[in-house]
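Input: a single structure, listed below in structure tokens.
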Amino acid sequence: MFKRISLTASLLLLVCIGLLAPLQSAHALSARQYFAEGNRLFRDDLYWAALLRYRQAAEAGMDTPLLHYNSGIANFRANQHIRAREAFLISLEDPSLRIPAHYNLGLNAYAMGDSDAALRWFRLARDQNVRQKIHNYAVIAISRIQAEQDRPYRLNARAPHREAQREFTSLQLRARVGFGSDDNVFRSPDQPYIDFSDPTLPLVTPEPKSGVFMPLSLSAKYLVNSLKFEGFYTAYRLAGRYYQDKDLENGNEYLHEVSFGNEFRRREGAREREVYSAFKIAQHDENYYDPDNGNSRSIGGISIDERMNYIRYGPELILRQSHEHLAIGAIVKGQLWNYEDTLVVPEYDHEYFLVSLFGQYKFAPSSLLRITVEGYSRRFGDRPAYDLDGQQRIGNPTIRYDYLSLTLNVRQRIIDGLWFGVSAKRTERTDKYVAYNDYTRDSYGVELHWSAGARFDLVANGVYELYNFPNAFAFHNPVAGRKTQESARINIIGTFRMTQSLSLVAAAHYKETVSNDTRIQYERNQFLLGVRWQW
């Protein structure tokens, strides 16, 4: 019995030694051997096993750009895009790896849904003249991304996700803060005027005020890709403007918005289908001030400076179907706007409904035409409608304005990184009571987008609008004559990317409104300089 037990124990010992021998030899591998083994596993498409060997090589003392580059490739193939980006960025230290690393950083950024970053990296790979094959691949990649960016109403444009390379969850953060100057904080008229809305016809001398302010914006989005082509998300957005001078505090305003919904995107060859649905809740605060001097308004000693504060909420749905040359889509919204109740004046509470349909045809990769038809309605619950003499009488039906618009957009790419577009839009508003506030608005716009290299972007656009009021009076007083109005807006925004996540942003905004209702006539210039961070 003792001999049999001893023999069995000896056999077990030999088996254990045999099993442990490979482990002992594996632990005895050098860093170079781990690295070579990782490369072999990668060639066999065993990416996670390769990553384990690369990590063991690093733990054994290897810290070379080539190790990080290969780790980046393996992480990319394993859909670990954040880790892949970090590894590729380290590999840039080696001049011999810099060009392929630029190209792979572009592929990785595109897989993460950041088309702007992908373009920057691909342009670096394209602009070198050492590796012609990578140059050719980069040119093709840039053309494909730019063709996609020509499409309107891209769903989740900040971070679209490729079907085959989506992480289960993702968090997107973006923040911008800066410094700005404003030469007409309260949009004050630029000249004295007689107030025909006051029976005493006083002469009003406006007091335009200028000052500095801090623009602030913040957004966060958490996406869960629960299905192959579909994801659920929650998002938060903050936008605000805060003036530094205490006398200008009435010019402060901010908006909080929370949303949640679904995103669906599926692409098969040249066909692509996108569906975006969301429910949004927003709170907006601003002061109801007198534009002549910026002071808070009051009636009979009762303050109404909170009259323009509101909460709005409701669902929206965006649909888009595209083919190689043709794309069609629709937008549907329904919202309730609940304004602050000031008791002494009618509230601005109203229902808002919108239906928008568009069709786009791409004549060539560099040119397209888009037609948009849009109808929307604002139906107020408390404000009485206007009679044809310009009076809002108690007992009149509440205001209902219906809008119908047609827009034509043409966009043409001049050279790689430079495109411009022109647009024409006609909007007709119908006052559903006695047509007092009907108008026709003709808008003409131009836009320009220039990407100079991998770091600098310039966007400029301008719009001119001309209103025709067939029935409304200036100051709502027949003595002042038929109302006239026209306006112009110009925006210029330049962005310089200092790092992958940090950018310097400079902007200039100009707006002018001219009308014989002098209360709404003003000119305003704003200049801003800030930094933007995104992750």
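The chains in the structure tokens are called A, B, ... from first to last as shown; in each chain the residues are counted from 1, and the ligands are counted from 1 in the order shown.
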Enumerate, as a CSV table (one decimal) with N, CA and C atoms, in the first residue's frame, the complete set of residues in range 168-348 of chain A that a backbone-based DSSP assignment places in strand (DSSP E).
chain,number,residue,atom,x,y,z
A,169,THR,N,-19.9,52.0,-24.3
A,169,THR,CA,-20.3,53.3,-23.7
A,169,THR,C,-19.3,54.3,-24.1
A,170,SER,N,-19.7,55.6,-24.1
A,170,SER,CA,-18.7,56.7,-24.4
A,170,SER,C,-19.2,57.9,-23.7
A,171,LEU,N,-18.3,58.7,-23.2
A,171,LEU,CA,-18.6,60.0,-22.6
A,171,LEU,C,-17.9,61.1,-23.4
A,172,GLN,N,-18.7,62.1,-23.7
A,172,GLN,CA,-18.2,63.3,-24.5
A,172,GLN,C,-18.3,64.5,-23.7
A,173,LEU,N,-17.3,65.3,-23.5
A,173,LEU,CA,-17.3,66.5,-22.7
A,173,LEU,C,-16.7,67.6,-23.6
A,174,ARG,N,-17.3,68.8,-23.5
A,174,ARG,CA,-16.9,70.0,-24.2
A,174,ARG,C,-17.2,71.2,-23.4
A,175,ALA,N,-16.2,72.1,-23.3
A,175,ALA,CA,-16.4,73.3,-22.5
A,175,ALA,C,-15.7,74.5,-23.2
A,176,ARG,N,-16.2,75.7,-23.1
A,176,ARG,CA,-15.6,76.9,-23.6
A,176,ARG,C,-15.9,78.0,-22.7
A,177,VAL,N,-14.8,78.8,-22.5
A,177,VAL,CA,-14.9,80.0,-21.6
A,177,VAL,C,-14.0,81.0,-22.2
A,178,GLY,N,-14.3,82.3,-22.1
A,178,GLY,CA,-13.5,83.3,-22.7
A,178,GLY,C,-13.8,84.7,-22.2
A,179,PHE,N,-13.5,85.7,-23.0
A,179,PHE,CA,-13.6,87.1,-22.6
A,179,PHE,C,-14.2,87.8,-23.9
A,180,GLY,N,-15.2,88.7,-23.7
A,180,GLY,CA,-15.8,89.4,-24.8
A,180,GLY,C,-16.1,90.8,-24.5
A,181,SER,N,-16.2,91.6,-25.6
A,181,SER,CA,-16.6,93.0,-25.5
A,181,SER,C,-17.9,93.2,-26.3
A,182,ASP,N,-18.8,94.0,-25.8
A,182,ASP,CA,-20.1,94.3,-26.4
A,182,ASP,C,-20.3,95.8,-26.4
A,193,TYR,N,-35.9,109.2,-30.6
A,193,TYR,CA,-37.1,109.0,-31.3
A,193,TYR,C,-38.4,109.4,-30.5
A,194,ILE,N,-39.4,109.6,-31.2
A,194,ILE,CA,-40.7,109.9,-30.6
A,194,ILE,C,-41.4,108.5,-30.4
A,203,LEU,N,-40.4,112.3,-26.3
A,203,LEU,CA,-39.2,112.2,-27.0
A,203,LEU,C,-38.2,111.4,-26.2
A,204,VAL,N,-37.8,110.2,-26.7
A,204,VAL,CA,-37.0,109.3,-25.9
A,204,VAL,C,-35.5,109.4,-26.5
A,211,GLY,N,-19.7,97.2,-22.5
A,211,GLY,CA,-19.0,96.5,-21.4
A,211,GLY,C,-18.4,95.2,-21.9
A,212,VAL,N,-17.8,94.6,-20.9
A,212,VAL,CA,-17.2,93.3,-21.1
A,212,VAL,C,-18.0,92.2,-20.5
A,213,PHE,N,-17.9,91.0,-21.0
A,213,PHE,CA,-18.7,89.9,-20.5
A,213,PHE,C,-17.9,88.6,-20.7
A,214,MET,N,-18.4,87.6,-20.0
A,214,MET,CA,-17.7,86.3,-20.1
A,214,MET,C,-18.7,85.3,-20.7
A,215,PRO,N,-18.4,84.8,-21.9
A,215,PRO,CA,-19.3,83.8,-22.5
A,215,PRO,C,-18.9,82.4,-22.0
A,216,LEU,N,-19.9,81.6,-21.7
A,216,LEU,CA,-19.6,80.3,-21.1
A,216,LEU,C,-20.5,79.2,-21.8
A,217,SER,N,-19.9,78.1,-22.1
A,217,SER,CA,-20.7,77.0,-22.6
A,217,SER,C,-20.1,75.7,-22.1
A,218,LEU,N,-21.0,74.7,-21.8
A,218,LEU,CA,-20.6,73.4,-21.3
A,218,LEU,C,-21.5,72.4,-21.9
A,219,SER,N,-21.0,71.3,-22.3
A,219,SER,CA,-21.9,70.2,-22.7
A,219,SER,C,-21.3,68.8,-22.3
A,220,ALA,N,-22.2,67.9,-22.0
A,220,ALA,CA,-21.7,66.6,-21.6
A,220,ALA,C,-22.8,65.6,-22.2
A,221,LYS,N,-22.3,64.5,-22.7
A,221,LYS,CA,-23.1,63.5,-23.3
A,221,LYS,C,-22.6,62.1,-23.0
A,222,TYR,N,-23.5,61.2,-22.5
A,222,TYR,CA,-23.1,59.9,-22.2
A,222,TYR,C,-24.0,58.9,-23.0
A,223,LEU,N,-23.3,58.1,-23.8
A,223,LEU,CA,-24.0,57.3,-24.8
A,223,LEU,C,-23.7,55.8,-24.5
A,224,VAL,N,-24.8,55.0,-24.5
A,224,VAL,CA,-24.7,53.6,-24.3
A,224,VAL,C,-25.2,52.9,-25.6
A,230,GLU,N,-27.9,50.9,-32.7
A,230,GLU,CA,-28.7,51.9,-31.9
A,230,GLU,C,-28.1,52.1,-30.6
A,231,GLY,N,-28.2,53.3,-30.1
A,231,GLY,CA,-27.7,53.7,-28.7
A,231,GLY,C,-28.7,54.6,-28.0
A,232,PHE,N,-28.6,54.6,-26.7
A,232,PHE,CA,-29.4,55.4,-25.8
A,232,PHE,C,-28.4,56.5,-25.2
A,233,TYR,N,-28.9,57.7,-25.1
A,233,TYR,CA,-28.0,58.7,-24.5
A,233,TYR,C,-28.7,59.6,-23.6
A,234,THR,N,-28.0,60.3,-22.7
A,234,THR,CA,-28.4,61.4,-21.9
A,234,THR,C,-27.4,62.5,-22.1
A,235,ALA,N,-27.9,63.8,-22.1
A,235,ALA,CA,-27.0,64.9,-22.4
A,235,ALA,C,-27.4,66.1,-21.5
A,236,TYR,N,-26.4,67.0,-21.3
A,236,TYR,CA,-26.7,68.2,-20.6
A,236,TYR,C,-25.9,69.3,-21.3
A,237,ARG,N,-26.6,70.5,-21.4
A,237,ARG,CA,-25.9,71.7,-22.1
A,237,ARG,C,-26.2,72.9,-21.3
A,238,LEU,N,-25.1,73.7,-21.1
A,238,LEU,CA,-25.2,75.0,-20.5
A,238,LEU,C,-24.6,76.1,-21.4
A,239,ALA,N,-25.4,77.2,-21.6
A,239,ALA,CA,-24.9,78.3,-22.4
A,239,ALA,C,-25.3,79.6,-21.7
A,240,GLY,N,-24.3,80.5,-21.6
A,240,GLY,CA,-24.6,81.7,-20.8
A,240,GLY,C,-23.7,82.9,-21.2
A,241,ARG,N,-24.1,84.0,-20.7
A,241,ARG,CA,-23.3,85.2,-21.0
A,241,ARG,C,-23.5,86.1,-19.7
A,242,TYR,N,-22.3,86.4,-19.1
A,242,TYR,CA,-22.3,87.1,-17.8
A,242,TYR,C,-21.4,88.4,-17.9
A,243,TYR,N,-22.0,89.5,-17.6
A,243,TYR,CA,-21.3,90.8,-17.7
A,243,TYR,C,-20.6,91.1,-16.4
A,253,GLU,N,-27.7,86.4,-19.2
A,253,GLU,CA,-28.7,85.3,-19.5
A,253,GLU,C,-28.0,84.0,-19.6
A,254,TYR,N,-28.8,82.9,-19.3
A,254,TYR,CA,-28.3,81.6,-19.4
A,254,TYR,C,-29.4,80.6,-19.7
A,255,LEU,N,-28.9,79.4,-20.2
A,255,LEU,CA,-29.8,78.3,-20.6
A,255,LEU,C,-29.3,77.0,-20.1
A,256,HIS,N,-30.1,76.3,-19.4
A,256,HIS,CA,-29.8,74.9,-19.0
A,256,HIS,C,-30.7,74.0,-19.9
A,257,GLU,N,-30.1,72.9,-20.4
A,257,GLU,CA,-30.9,72.0,-21.2
A,257,GLU,C,-30.5,70.5,-20.9
A,258,VAL,N,-31.5,69.7,-20.6
A,258,VAL,CA,-31.3,68.3,-20.4
A,258,VAL,C,-32.1,67.5,-21.4
A,259,SER,N,-31.4,66.5,-22.0
A,259,SER,CA,-32.1,65.7,-23.0
A,259,SER,C,-31.8,64.2,-22.9
A,260,PHE,N,-32.6,63.4,-23.3
A,260,PHE,CA,-32.4,62.0,-23.4
A,260,PHE,C,-33.1,61.4,-24.6
A,261,GLY,N,-32.6,60.3,-25.1
A,261,GLY,CA,-33.2,59.8,-26.3
A,261,GLY,C,-32.4,58.6,-26.9
A,262,ASN,N,-32.7,58.3,-28.2
A,262,ASN,CA,-32.1,57.3,-28.9
A,262,ASN,C,-31.5,57.8,-30.2
A,263,GLU,N,-30.4,57.1,-30.6
A,263,GLU,CA,-29.8,57.4,-31.9
A,263,GLU,C,-29.6,56.0,-32.7
A,264,PHE,N,-30.0,56.1,-33.9
A,264,PHE,CA,-29.9,54.9,-34.8
A,264,PHE,C,-29.2,55.3,-36.0
A,265,ARG,N,-28.2,54.5,-36.4
A,265,ARG,CA,-27.5,54.7,-37.7
A,265,ARG,C,-27.1,53.4,-38.3
A,266,ARG,N,-27.4,53.2,-39.5
A,266,ARG,CA,-27.0,52.0,-40.2
A,266,ARG,C,-26.6,52.3,-41.7
A,267,ARG,N,-25.5,51.8,-42.1
A,267,ARG,CA,-24.9,52.1,-43.4
A,267,ARG,C,-24.6,50.8,-44.1
A,268,GLU,N,-25.1,50.7,-45.3
A,268,GLU,CA,-24.8,49.6,-46.2
A,268,GLU,C,-24.4,50.1,-47.6
A,271,ARG,N,-25.8,53.5,-49.1
A,271,ARG,CA,-27.1,53.8,-48.4
A,271,ARG,C,-26.8,54.0,-46.9
A,272,GLU,N,-27.5,55.0,-46.4
A,272,GLU,CA,-27.3,55.2,-45.0
A,272,GLU,C,-28.7,55.7,-44.4
A,273,ARG,N,-29.0,55.2,-43.2
A,273,ARG,CA,-30.3,55.6,-42.6
A,273,ARG,C,-29.9,56.1,-41.2
A,274,GLU,N,-30.5,57.2,-40.8
A,274,GLU,CA,-30.3,57.8,-39.5
A,274,GLU,C,-31.6,58.2,-38.9
A,275,VAL,N,-31.8,57.9,-37.6
A,275,VAL,CA,-33.0,58.3,-36.8
A,275,VAL,C,-32.5,58.8,-35.5
A,276,TYR,N,-33.0,60.0,-35.1
A,276,TYR,CA,-32.6,60.7,-33.9
A,276,TYR,C,-33.9,61.1,-33.2
A,277,SER,N,-34.1,60.6,-32.0
A,277,SER,CA,-35.3,60.9,-31.2
A,277,SER,C,-34.9,61.4,-29.8
A,278,ALA,N,-35.5,62.4,-29.3
A,278,ALA,CA,-35.1,62.9,-28.0
A,278,ALA,C,-36.3,63.6,-27.3
A,279,PHE,N,-36.2,63.7,-26.0
A,279,PHE,CA,-37.1,64.5,-25.2
A,279,PHE,C,-36.2,65.5,-24.5
A,280,LYS,N,-36.5,66.8,-24.7
A,280,LYS,CA,-35.6,67.9,-24.1
A,280,LYS,C,-36.4,68.7,-23.2
A,281,ILE,N,-35.7,69.1,-22.1
A,281,ILE,CA,-36.2,70.1,-21.1
A,281,ILE,C,-35.2,71.2,-20.9
A,282,ALA,N,-35.6,72.4,-21.0
A,282,ALA,CA,-34.7,73.5,-21.0
A,282,ALA,C,-35.3,74.6,-20.1
A,283,GLN,N,-34.4,75.3,-19.3
A,283,GLN,CA,-34.7,76.5,-18.5
A,283,GLN,C,-33.9,77.6,-19.0
A,284,HIS,N,-34.6,78.7,-19.3
A,284,HIS,CA,-33.9,79.9,-19.8
A,284,HIS,C,-34.3,81.1,-18.9
A,285,ASP,N,-33.2,81.8,-18.5
A,285,ASP,CA,-33.4,83.0,-17.6
A,285,ASP,C,-32.8,84.2,-18.3
A,286,GLU,N,-33.5,85.3,-18.3
A,286,GLU,CA,-32.9,86.6,-18.7
A,286,GLU,C,-33.8,87.7,-18.1
A,298,SER,N,-41.2,97.7,-15.0
A,298,SER,CA,-42.2,97.6,-13.9
A,298,SER,C,-43.5,98.3,-14.4
A,299,ILE,N,-44.6,97.8,-13.9
A,299,ILE,CA,-45.9,98.4,-14.2
A,299,ILE,C,-46.7,98.6,-12.9
A,302,ILE,N,-45.0,97.3,-9.8
A,302,ILE,CA,-44.8,95.9,-9.8
A,302,ILE,C,-43.8,95.5,-10.8
A,303,SER,N,-42.7,94.8,-10.4
A,303,SER,CA,-41.6,94.4,-11.3
A,303,SER,C,-42.1,93.3,-12.2
A,310,TYR,N,-38.4,81.3,-18.9
A,310,TYR,CA,-39.3,80.2,-19.3
A,310,TYR,C,-38.7,78.9,-19.1
A,311,ILE,N,-39.6,77.9,-19.1
A,311,ILE,CA,-39.2,76.5,-19.2
A,311,ILE,C,-39.9,75.9,-20.4
A,312,ARG,N,-39.1,75.2,-21.3
A,312,ARG,CA,-39.7,74.6,-22.4
A,312,ARG,C,-39.4,73.1,-22.4
A,313,TYR,N,-40.3,72.3,-22.9
A,313,TYR,CA,-40.0,70.9,-23.0
A,313,TYR,C,-40.9,70.2,-24.1
A,314,GLY,N,-40.4,69.1,-24.5
A,314,GLY,CA,-41.1,68.4,-25.6
A,314,GLY,C,-40.2,67.5,-26.4
A,315,PRO,N,-40.8,66.6,-27.2
A,315,PRO,CA,-40.1,65.7,-28.0
A,315,PRO,C,-39.7,66.2,-29.4
A,316,GLU,N,-38.7,65.6,-30.0
A,316,GLU,CA,-38.3,65.9,-31.4
A,316,GLU,C,-37.8,64.6,-32.0
A,317,LEU,N,-38.0,64.6,-33.3
A,317,LEU,CA,-37.6,63.4,-34.1
A,317,LEU,C,-37.0,63.9,-35.4
A,318,ILE,N,-35.8,63.3,-35.7
A,318,ILE,CA,-35.1,63.6,-37.0
A,318,ILE,C,-34.9,62.3,-37.8
A,319,LEU,N,-35.3,62.3,-39.0
A,319,LEU,CA,-35.1,61.2,-39.9
A,319,LEU,C,-34.3,61.5,-41.1
A,320,ARG,N,-33.4,60.6,-41.6
A,320,ARG,CA,-32.6,60.9,-42.7
A,320,ARG,C,-32.3,59.6,-43.5
A,321,GLN,N,-32.5,59.6,-44.8
A,321,GLN,CA,-32.2,58.5,-45.6
A,321,GLN,C,-31.3,59.0,-46.8
A,322,SER,N,-30.1,58.5,-47.0
A,322,SER,CA,-29.3,59.0,-48.0
A,322,SER,C,-28.8,57.9,-48.9
A,326,LEU,N,-28.5,61.2,-53.7
A,326,LEU,CA,-29.7,61.8,-53.2
A,326,LEU,C,-29.9,61.5,-51.7
A,327,ALA,N,-30.4,62.5,-51.0
A,327,ALA,CA,-30.7,62.4,-49.6
A,327,ALA,C,-32.0,63.1,-49.3
A,328,ILE,N,-32.8,62.5,-48.4
A,328,ILE,CA,-34.1,63.1,-48.0
A,328,ILE,C,-34.2,63.0,-46.5
A,329,GLY,N,-35.0,63.8,-45.9
A,329,GLY,CA,-35.1,63.7,-44.4
A,329,GLY,C,-36.2,64.6,-43.9
A,330,ALA,N,-36.5,64.5,-42.6
A,330,ALA,CA,-37.6,65.2,-42.0
A,330,ALA,C,-37.2,65.5,-40.5
A,331,ILE,N,-37.8,66.6,-40.0
A,331,ILE,CA,-37.6,67.0,-38.6
A,331,ILE,C,-39.0,67.3,-38.1
A,332,VAL,N,-39.4,66.8,-36.9
A,332,VAL,CA,-40.7,67.0,-36.3
A,332,VAL,C,-40.4,67.4,-34.8
A,333,LYS,N,-41.0,68.5,-34.4
A,333,LYS,CA,-40.9,68.9,-33.0
A,333,LYS,C,-42.2,69.3,-32.4
A,334,GLY,N,-42.4,69.1,-31.1
A,334,GLY,CA,-43.6,69.6,-30.4
A,334,GLY,C,-43.1,70.1,-29.0
A,335,GLN,N,-43.4,71.3,-28.7
A,335,GLN,CA,-42.9,71.9,-27.4
A,335,GLN,C,-43.9,72.7,-26.7
A,336,LEU,N,-43.8,72.8,-25.4
A,336,LEU,CA,-44.6,73.7,-24.6
A,336,LEU,C,-43.6,74.7,-24.0
A,337,TRP,N,-43.9,76.0,-24.1
A,337,TRP,CA,-43.1,77.0,-23.6
A,337,TRP,C,-43.8,77.7,-22.4
A,338,ASN,N,-43.4,77.5,-21.2
A,338,ASN,CA,-44.0,78.0,-20.0
A,338,ASN,C,-43.3,79.2,-19.4
A,339,TYR,N,-43.8,80.4,-19.6
A,339,TYR,CA,-43.1,81.6,-19.2
A,339,TYR,C,-43.5,82.0,-17.8
Can you list, as a count of residues only, every protein, DNA or RNA residue that comes within 9 Å of Arg120 in chain A when you count only C-alpha atoms, leaving out same-chain residues fewer than 5 positions away? 7
Would you mind telling me which residue in A:Ile90, A:Leu388, A:Leu46, A:Ala460 lies nearest to Asp63 in chain A when using only C-alpha atoms?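 Among A:Ile90, A:Leu388, A:Leu46, A:Ala460, it is A:Ile90 that comes nearest to Asp63 in chain A.
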Please compute the CA of Arg532 in chain A-CA of Leu89 in chain A distance, one decimal, in Å.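 For CA of Arg532 in chain A relative to CA of Leu89 in chain A, the distance reads 20.6 Å.
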Quick check for you: according to DSSP on this backbone, which residues of range 46-267 of chain A are classed as alpha helix (DSSP H)? Reply as a PyMOL selection string. chain A and resi 47-59+65-77+81-91+95-111+115-126+132-149
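One distance worth recording is that between CA of Gln146 in chain A and CA of Ala117 in chain A, which is 12.5 Å.
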Tell me, as a ChimeraX atom specification, which residues lie within 12 Å of Arg40 in chain A, counting only C-alpha atoms; anything in the same chain fewer than 4 positions away does not count. /A:33-36,44-47,49-51,53-54,70,74
One decimal, Å: what's the distance from CA of His325 in chain A over to CA of Ile134 in chain A, could you say?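 That distance, rounded to one decimal, is 28.2 Å.
Residues in contact range of Gln485 in chain A, defined as at most 9 Å between only C-alpha atoms, with sequence neighbours fewer than 2 positions away removed, read A:Glu465, A:Leu466, A:Tyr467, A:Asn468, A:Phe469, A:Lys483, A:Ser487, A:Thr513, A:Val514, A:Ser515, A:Asn516, A:Asp517, A:Gln521.
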Residues within 10 Å of Asn295 in chain A, only C-alpha atoms, excluding chain neighbours under 4 positions, as a compact mmCIF listing (two decimals) with C-alpha atoms, in the first residue's frame:
# COMPACT_ATOMS: atom_id res chain seq x y z
CA PHE A 186 -29.16 96.23 -24.29
CA ASP A 247 -24.66 98.14 -13.96
CA LEU A 248 -24.91 95.67 -16.84
CA GLU A 249 -26.24 92.67 -14.88
CA ASN A 250 -29.61 92.95 -16.60
CA GLY A 251 -27.83 91.77 -19.76
CA ASN A 287 -34.07 90.02 -17.51
CA TYR A 288 -36.95 91.85 -19.19
CA TYR A 289 -35.28 95.23 -19.50
CA ASP A 290 -36.02 98.53 -21.20
CA PRO A 291 -33.74 98.66 -24.28
CA ASP A 305 -38.29 91.84 -15.07
Nearest to Asn461 in chain A, chosen from A:Phe42, A:Tyr444, A:Phe353, A:Phe76, with only C-alpha atoms counted in the distances: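 Looking at the shortest contact to Asn461 in chain A, the residue is A:Tyr444.
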Which is closest to Ser367 in chain A among A:Thr398, A:Asn75, A:Gln412, A:Asn136, if we use only C-alpha atoms?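 Counting only C-alpha atoms, the residue closest to Ser367 in chain A is A:Gln412.
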